[in-house]
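Here's the structure, in structure tokens; my notes come after.
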Amino acid sequence: MTKAPFSHALVTGASSGIGESIAHKLGKAGVGMVLVARRKDRLDAIAAKYPNVEVLAADLTTDAGLGAVLERLRDVTRPQIDLVVNNAGFGTSGQFVSADAERLSREISLNINALTRISHEAVRQMLPRGRGYLLNVSSIASFQPGPDLAVYSATKAFVTSLTEALHEELRGSGIRVTALCPGLTHTEFQSISNTTGLESKFPEFAWMSADDVARDGLRAVADGKAICVPGVVNKSLVSTSKLTPRALTRRIAGLVTRFR
Ligand SMILES: NC(=O)c1ccc[n+]([C@@H]2O[C@H](COP(=O)([O-])OP(=O)(O)OC[C@H]3O[C@@H](n4cnc5c(N)ncnc54)[C@H](OP(=O)(O)O)[C@@H]3O)[C@@H](O)[C@H]2O)c1
């Protein structure tokens, strides 16, 4: 990214994977940043490379962590945020019935609640200014149910739906809203969501790097696209699933995401 249309960004989940790549791209383009995640040491290491970077260590599944981010968005004494990237998220693989209930609550809290509240505050702040950018990281998992990744896919269906609705609601307001829907991307996601089995199940050409996903997402929100599905393989998967009857899509999804 050489010339960015944003001047100050807030990026959640900036300590690894797609969020970290987004932070480096913005930093290199001279965009000031507020970096959010739990691992402060990782955020400090990124912040040390670029000027105008604030580190906000926060667990977004807690009231205190989420509250600190909402407060920063409202803070008029600091640089105003004109790009918000809701990227923090995680998944849980395996049978729904066997999943740890507390973990599922945290997943819903992060993927849905935190993203919704941060989107809400971001839009409230941007609307009177008549400009701004909101990039919500969803997934190609949002386009069909995901057996053995049931809650994760459902949270991402929420993210894509909410983001598309906001894109339309805010048409003509000067605020651009985009859902970034990556497919398989090499990050820490696989070890955290216990989906490392996908690495042997799918050939390398089906995977993308976090850097390429970050580049496509930033371009899409700058261009005001409603949905960005990065990569040729992901684009064809999404197009095929749209053309296939729902019952068949569901069965195929079960074969693809089943880890047992
Ligand atoms: N990788 C894929 O194949 C893939 C595909 C489609 C969509 N996605 C989506 O892409 C987004 C980024 O994931 P990734 O692949 O880059 O995975 P990742 O490397 O695991 O990064 C996840 C980020 O979220 C942060 N995070 C996790 N829990 C948090 C919490 N409670 N509070 C604040 N931050 C938290 C993590 O930081 P800390 O641990 O330091 O808090 C980390 O920075 C997610 O929304 C994911 O669902 C990923």
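Residue numbering restarts at 1 in every chain; chains get A, B, ... in the order shown in the structure tokens, and ligands count up from 1 in that same order.
Near ligand 1, at distances of 6 Å or less and with only C-alpha atoms and all ligand atoms counted, sit the residues Gly13, Ala14, Ser15, Ser16, Gly17, Ile18, Gly19, Ala37, Arg38, Arg39, Ala58, Asp59, Leu60, Thr61, Asn87, Ala88, Gly89, Phe90, Val137, Ser138, Ser139, Pro182, Gly183, Leu184, Thr185, His186, Thr187, Glu188 and Phe189 of chain A.
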Write to file, as a compact mmCIF listing (two decimals), in the first residue's frame, the residues of the selection just made, with C-alpha atoms.
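Written output follows (result.txt):
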# COMPACT_ATOMS: atom_id res chain seq x y z
CA GLY A 13 -6.21 -8.83 16.65
CA ALA A 14 -3.05 -7.05 15.49
CA SER A 15 -0.65 -9.35 17.35
CA SER A 16 -0.60 -12.13 14.73
CA GLY A 17 -1.82 -13.39 11.37
CA ILE A 18 -4.02 -11.22 9.16
CA GLY A 19 -4.27 -8.39 11.72
CA ALA A 37 -4.91 -7.63 21.25
CA ARG A 38 -4.09 -9.42 24.51
CA ARG A 39 -0.36 -10.07 23.86
CA ALA A 58 -7.19 -5.68 25.85
CA ASP A 59 -9.18 -8.87 26.07
CA LEU A 60 -12.23 -8.04 23.96
CA THR A 61 -14.33 -10.72 25.65
CA ASN A 87 -10.19 -8.62 12.81
CA ALA A 88 -9.84 -10.42 16.18
CA GLY A 89 -11.57 -13.78 16.10
CA PHE A 90 -11.15 -17.49 16.69
CA VAL A 137 -13.05 -9.71 8.94
CA SER A 138 -15.50 -12.53 8.25
CA SER A 139 -14.77 -15.79 6.38
CA PRO A 182 -10.84 -15.10 3.54
CA GLY A 183 -10.55 -18.84 3.04
CA LEU A 184 -7.66 -20.99 4.23
CA THR A 185 -4.91 -18.63 5.37
CA HIS A 186 -1.66 -19.63 7.08
CA THR A 187 -1.85 -18.02 10.56
CA GLU A 188 -2.11 -19.09 14.20
CA PHE A 189 -5.83 -19.67 13.59
Next on the checklist: Which residues are near Gly32 (chain A)? Cut-off 9 Å, only C-alpha atoms, ignore same chain within fewer than 4 positions. Put them as a ChimeraX atom specification.
Outcome noted: /A:6-10,26-27,50-54,79,81
Report the closest atom pair, with its distance in Å rounded to one decimal, for each residue of region 35-86 of chain A that has an atom no farther than 12 Å from region 103-127 of chain A; count only C-alpha atoms, sort by chain and then rising residue number, and write it as a Markdown table.
| residue | atom | partner | partner_atom | distance |
| --- | --- | --- | --- | --- |
| A:Val36 | CA | A:Ile118 | CA | 11.9 |
| A:Ala37 | CA | A:Leu110 | CA | 11.3 |
| A:Ala58 | CA | A:Ala114 | CA | 11.4 |
| A:Asp59 | CA | A:Leu110 | CA | 8.9 |
| A:Leu60 | CA | A:Leu110 | CA | 6.1 |
| A:Thr61 | CA | A:Leu110 | CA | 5.4 |
| A:Thr62 | CA | A:Ser109 | CA | 8.5 |
| A:Asp63 | CA | A:Ala114 | CA | 9.5 |
| A:Ala64 | CA | A:Ala114 | CA | 11.6 |
| A:Gly65 | CA | A:Ala114 | CA | 9.6 |
| A:Leu66 | CA | A:Ala114 | CA | 6.6 |
| A:Gly67 | CA | A:Arg117 | CA | 9.5 |
| A:Ala68 | CA | A:Ile118 | CA | 10.7 |
| A:Val69 | CA | A:Ile118 | CA | 7.6 |
| A:Leu70 | CA | A:Ile118 | CA | 6.3 |
| A:Glu71 | CA | A:Glu121 | CA | 9.1 |
| A:Arg72 | CA | A:Glu121 | CA | 10.0 |
| A:Leu73 | CA | A:Ala122 | CA | 6.6 |
| A:Arg74 | CA | A:Gln125 | CA | 6.9 |
| A:Asp75 | CA | A:Gln125 | CA | 9.8 |
| A:Val76 | CA | A:Gln125 | CA | 9.9 |
| A:Gln80 | CA | A:Gln125 | CA | 8.8 |
| A:Ile81 | CA | A:Ala122 | CA | 8.1 |
| A:Asp82 | CA | A:Met126 | CA | 7.0 |
| A:Leu83 | CA | A:Ala122 | CA | 8.5 |
| A:Val84 | CA | A:Ala122 | CA | 6.9 |
| A:Val85 | CA | A:Ser119 | CA | 9.0 |
| A:Asn86 | CA | A:Leu115 | CA | 5.9 |
Any chance you could export the current selection's N, CA, C and O atoms as a compact mmCIF listing (two decimals), in the first residue's frame?
# COMPACT_ATOMS: atom_id res chain seq x y z
N VAL A 36 -4.69 -3.39 18.91
CA VAL A 36 -5.42 -4.04 20.01
C VAL A 36 -5.23 -5.56 19.94
O VAL A 36 -5.37 -6.15 18.87
N ALA A 37 -4.93 -6.16 21.08
CA ALA A 37 -4.91 -7.63 21.25
C ALA A 37 -4.54 -7.87 22.71
O ALA A 37 -4.31 -6.91 23.46
N ALA A 58 -5.82 -5.49 25.35
CA ALA A 58 -7.19 -5.68 25.85
C ALA A 58 -7.72 -7.04 25.45
O ALA A 58 -7.50 -7.49 24.32
N ASP A 59 -8.43 -7.66 26.39
CA ASP A 59 -9.18 -8.87 26.07
C ASP A 59 -10.60 -8.43 25.71
O ASP A 59 -11.36 -7.95 26.57
N LEU A 60 -10.96 -8.57 24.45
CA LEU A 60 -12.23 -8.04 23.96
C LEU A 60 -13.45 -8.85 24.40
O LEU A 60 -14.58 -8.47 24.12
N THR A 61 -13.19 -9.95 25.11
CA THR A 61 -14.33 -10.72 25.65
C THR A 61 -14.68 -10.24 27.06
O THR A 61 -15.61 -10.77 27.67
N THR A 62 -13.93 -9.26 27.56
CA THR A 62 -14.24 -8.72 28.89
C THR A 62 -14.85 -7.32 28.75
O THR A 62 -14.54 -6.60 27.78
N ASP A 63 -15.66 -6.93 29.74
CA ASP A 63 -16.25 -5.59 29.71
C ASP A 63 -15.16 -4.53 29.74
O ASP A 63 -15.23 -3.51 29.05
N ALA A 64 -14.12 -4.76 30.58
CA ALA A 64 -13.05 -3.77 30.71
C ALA A 64 -12.29 -3.61 29.40
O ALA A 64 -12.01 -2.49 28.95
N GLY A 65 -11.95 -4.72 28.75
CA GLY A 65 -11.18 -4.68 27.50
C GLY A 65 -11.97 -4.02 26.38
O GLY A 65 -11.47 -3.12 25.69
N LEU A 66 -13.21 -4.43 26.23
CA LEU A 66 -14.06 -3.85 25.18
C LEU A 66 -14.32 -2.38 25.48
O LEU A 66 -14.24 -1.52 24.59
N GLY A 67 -14.57 -2.08 26.76
CA GLY A 67 -14.84 -0.69 27.17
C GLY A 67 -13.66 0.23 26.84
O GLY A 67 -13.85 1.36 26.41
N ALA A 68 -12.44 -0.26 27.03
CA ALA A 68 -11.25 0.56 26.75
C ALA A 68 -11.16 0.91 25.27
O ALA A 68 -10.79 2.02 24.88
N VAL A 69 -11.54 -0.05 24.42
CA VAL A 69 -11.49 0.22 22.97
C VAL A 69 -12.58 1.22 22.57
O VAL A 69 -12.34 2.16 21.81
N LEU A 70 -13.78 1.05 23.13
CA LEU A 70 -14.88 1.98 22.81
C LEU A 70 -14.51 3.38 23.28
O LEU A 70 -14.76 4.38 22.58
N GLU A 71 -13.88 3.45 24.46
CA GLU A 71 -13.45 4.75 25.01
C GLU A 71 -12.43 5.41 24.09
O GLU A 71 -12.49 6.62 23.84
N ARG A 72 -11.50 4.62 23.56
CA ARG A 72 -10.48 5.18 22.67
C ARG A 72 -11.12 5.73 21.38
O ARG A 72 -10.71 6.78 20.87
N LEU A 73 -12.16 5.05 20.90
CA LEU A 73 -12.84 5.53 19.69
C LEU A 73 -13.52 6.88 19.94
O LEU A 73 -13.60 7.73 19.06
N ARG A 74 -14.00 7.08 21.20
CA ARG A 74 -14.71 8.32 21.55
C ARG A 74 -13.76 9.47 21.91
O ARG A 74 -14.19 10.61 21.98
N ASP A 75 -12.50 9.14 22.21
CA ASP A 75 -11.56 10.11 22.79
C ASP A 75 -11.17 11.19 21.77
O ASP A 75 -10.44 10.93 20.81
N VAL A 76 -11.67 12.42 21.99
CA VAL A 76 -11.40 13.49 21.02
C VAL A 76 -10.05 14.17 21.29
O VAL A 76 -9.62 15.01 20.51
N GLN A 80 -8.16 11.21 15.68
CA GLN A 80 -9.43 10.57 15.33
C GLN A 80 -9.19 9.36 14.43
O GLN A 80 -8.37 9.41 13.52
N ILE A 81 -9.95 8.31 14.71
CA ILE A 81 -9.79 7.07 13.95
C ILE A 81 -10.67 7.14 12.70
O ILE A 81 -11.89 7.32 12.81
N ASP A 82 -10.07 6.97 11.52
CA ASP A 82 -10.91 6.96 10.31
C ASP A 82 -10.96 5.59 9.63
O ASP A 82 -11.67 5.41 8.64
N LEU A 83 -10.21 4.62 10.16
CA LEU A 83 -10.34 3.23 9.69
C LEU A 83 -10.39 2.30 10.91
O LEU A 83 -9.50 2.35 11.76
N VAL A 84 -11.46 1.51 10.99
CA VAL A 84 -11.55 0.49 12.04
C VAL A 84 -11.52 -0.88 11.38
O VAL A 84 -12.28 -1.14 10.44
N VAL A 85 -10.60 -1.73 11.85
CA VAL A 85 -10.52 -3.10 11.34
C VAL A 85 -10.87 -4.06 12.48
O VAL A 85 -10.12 -4.20 13.43
N ASN A 86 -12.04 -4.65 12.37
CA ASN A 86 -12.49 -5.67 13.34
C ASN A 86 -11.99 -7.01 12.85
O ASN A 86 -12.65 -7.67 12.04
Checklist entry - With distances taken over only C-alpha atoms, which of A:Leu243, A:Ala179, A:Ala101, A:Val159 is nearest to Leu135 (chain A)? => result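 Smallest distance to Leu135 (chain A) is found for A:Ala179.
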Checklist entry - At what distance in Å, to one decimal, does CA of Asp44 (chain A) lie from CA of Thr92 (chain A)? => result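 CA of Thr92 (chain A) sits 28.1 Å away from CA of Asp44 (chain A).
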Leaving out Asp216 (chain A) and any residue of its chain fewer than 4 positions from it, which residues lie within 9 Å of it when counting only C-alpha atoms, given as a PDB file with C-alpha atoms, in the first residue's frame?
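Printed below is part-v3.pdb as written:
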ATOM      1  CA  LEU A 180     -13.375  -9.403   4.187  1.00  0.00           C
ATOM      2  CA  ASP A 211      -0.038 -10.672   3.665  1.00  0.00           C
ATOM      3  CA  ASP A 212      -2.031 -11.280   0.475  1.00  0.00           C
ATOM      4  CA  ALA A 220     -11.427  -3.438  -0.960  1.00  0.00           C
ATOM      5  CA  VAL A 221     -12.359  -1.124   1.904  1.00  0.00           C
ATOM      6  CA  CYS A 228     -14.083  -9.019  -0.544  1.00  0.00           C
ATOM      7  CA  VAL A 229     -13.357 -12.713  -1.130  1.00  0.00           C
ATOM      8  CA  PRO A 230      -9.579 -12.817  -1.658  1.00  0.00           C
ATOM      9  CA  GLY A 231      -7.973 -15.301  -4.075  1.00  0.00           C
TER      10      GLY A 231
END
Using only C-alpha atoms, which residues of region 142-170 of chain A come within 12 Å of region 248-257 of chain A, and what is the closest atom pair for each, with the distance in Å to one decimal? Give it as a Markdown table, sorted by chain and residue number.
| residue | atom | partner | partner_atom | distance |
| --- | --- | --- | --- | --- |
| A:Ser142 | CA | A:Ala253 | CA | 11.5 |
| A:Phe143 | CA | A:Thr249 | CA | 9.7 |
| A:Gln144 | CA | A:Arg250 | CA | 6.8 |
| A:Pro145 | CA | A:Arg250 | CA | 6.2 |
| A:Gly146 | CA | A:Ala253 | CA | 6.0 |
| A:Pro147 | CA | A:Gly254 | CA | 5.0 |
| A:Asp148 | CA | A:Thr257 | CA | 6.2 |
| A:Leu149 | CA | A:Thr257 | CA | 6.9 |
| A:Ala150 | CA | A:Thr257 | CA | 9.6 |
| A:Tyr152 | CA | A:Thr257 | CA | 11.4 |
| A:Ser153 | CA | A:Thr257 | CA | 10.4 |
Next on the checklist: Among region 35-236 of chain A, which residues does DSSP mark as alpha helix (DSSP H) when it is run on the backbone? Keep the chain and numbering as in the structure and answer as JSON, numbers by chain.
Outcome noted: {"A": [40, 41, 42, 43, 44, 45, 46, 47, 63, 64, 65, 66, 67, 68, 69, 70, 71, 72, 73, 74, 101, 102, 103, 104, 105, 106, 107, 108, 115, 116, 117, 118, 119, 120, 121, 122, 123, 124, 125, 126, 150, 151, 152, 153, 154, 155, 156, 157, 158, 159, 160, 161, 162, 163, 164, 165, 166, 167, 168, 169, 189, 190, 191, 192, 197, 198, 199, 200, 201, 210, 211, 212, 213, 214, 215, 216, 217, 218, 219, 220, 221, 222, 223, 232, 233, 234, 235, 236]}
Next on the checklist: If I take CA of Arg176 (chain A) and CA of Ala154 (chain A), how far is one from the other in Å, to one decimal?
Outcome noted: 24.2 Å
Checklist entry - Distance CA of Ala45 (chain A)-CA of Tyr133 (chain A), one decimal place? => result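 Computing the Euclidean distance for CA of Ala45 (chain A) and CA of Tyr133 (chain A) yields 25.7 Å.
In terms of minimum interatomic distance to Ile227 (chain A), A:Ala165 ranks closest within A:Ala165, A:Ala57, A:Val151, A:Val34, counting only C-alpha atoms.
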Checklist entry - A:Asn234, A:Thr244, A:Asn136, A:Ser173: which is nearest Thr12 (chain A), counting only C-alpha atoms? => result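 The closest residue to Thr12 (chain A) is A:Asn136.
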Item to check | Shortest interatomic distance to Thr195 (chain A) - which of A:Glu164, A:Gly91, A:Leu35, A:His24, counting only C-alpha atoms | outcome: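 Between A:Glu164, A:Gly91, A:Leu35, A:His24, the residue approaching Thr195 (chain A) most closely is A:Gly91.
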Next on the checklist: Which residues are near Val232 (chain A)? Cut-off 10 Å, only C-alpha atoms, ignore same chain within fewer than 4 positions. Put them as a list in words.
Outcome noted: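 That gives Phe205, Ala206, Ser236 and Leu237 of chain A.
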Next on the checklist: Here is a test: counting only C-alpha atoms, which residue of A:Ala141, A:Glu199, A:Leu134, A:Arg246 is nearest to Lys225 (chain A)?
Outcome noted: A:Leu134
Item to check | Residues of region 3-197 of chain A in strand (DSSP E), written as number ranges by chain | outcome: A: 8-12, 32-37, 53-57, 83-86, 132-137, 175-180, 185-186
